[in-house]
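J.: The structure under discussion is supplied below as structure tokens; questions concerning it will follow.
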Amino acid sequence: MEMDKQMIQENDDLHLNLRLGLPGSDDTAKKTSGTKRASSDHQDTSPPPTKTQVIGWPPVRSYRKNILQQKQEEGAMYVKVSMDGAPFLRKIDLKVYNNYPELLEALQNMFKCSIGVYSEREGYNGSEHAPTYEDKDGDLMLAGDVPWEMFVTSCKRMRIMKASEAKGL
């Protein structure tokens, strides 16, 4: 009988030893936890770290938008340029170029294509590609059909098409 009481007592002590009490209420949890920390050790009373600017914030995208907006206010005229078959778009500043030949040379270097020379009668006949642009009204036109100054003020976006598709423009 005495042995049973002793086992019950040990069993009760075991329950008490394994029990985690409220933080700071009982030291037995700290003593019996062995290598593990008691719940009162998890509380951190130090102030949160000061906020510092995260590297890469604000996002580059917003930064780029602001830069582009500033340049447009300064007189830059950015338009997107796409090419049939190319998986990417480019942005160019039309104000950098003084005439069509300079623009066409830059486009050829950018997209590694041959555009050829424009003539009013034949357009870009004899070349693989033809540069077209969308004006403010949404019409698709051949680059070179209108005077340079009018082109720069009315161009919203450019597209380098296959010459066979651009014949009807």
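Labeling convention for the structure tokens: chains A, B, ... as they appear, residues from 1 per chain, ligands from 1 in order of appearance.
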Tell me, as a ChimeraX atom specification, which residues lie within 12 Å of Tyr118 of chain A, counting only C-alpha atoms; anything in the same chain fewer than 5 positions away does not count.

T.: /A:100-101,104,123-127,129-132,142-146,163

J.: What does the structure give for the distance between atom CA of Met141 of chain A and atom CA of Glu128 of chain A, in Å to one decimal?

T.: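 Here the two named atoms are 17.1 Å from each other.
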
J.: Could you jot down the atom CA of Ser82 of chain A to atom CA of Leu107 of chain A separation for me, Å, one decimal place?

T.: 10.1 Å

J.: Between A:Asp84, A:Asn99, A:Ser114, A:Ala106, which one has atoms that come closest to Pro147 of chain A, using only C-alpha atoms?

T.: A:Asn99

J.: Find, counting only C-alpha atoms, the residue in A:Leu89, A:Val79, A:Met161, A:Val96 that gets nearest to Ile115 of chain A.

T.: A:Met161

J.: What is the distance between atom CA of Val81 of chain A and atom CA of Arg159 of chain A, in Å to one decimal?

T.: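 Between atom CA of Val81 of chain A and atom CA of Arg159 of chain A the gap works out to 5.5 Å.
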
J.: Which residue gives the smallest distance to Cys113 of chain A among A:Ala86, A:Tyr78, A:Lys167, A:Glu149, with only C-alpha atoms counted?

T.: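 Looking at the shortest contact to Cys113 of chain A, the residue is A:Ala86.
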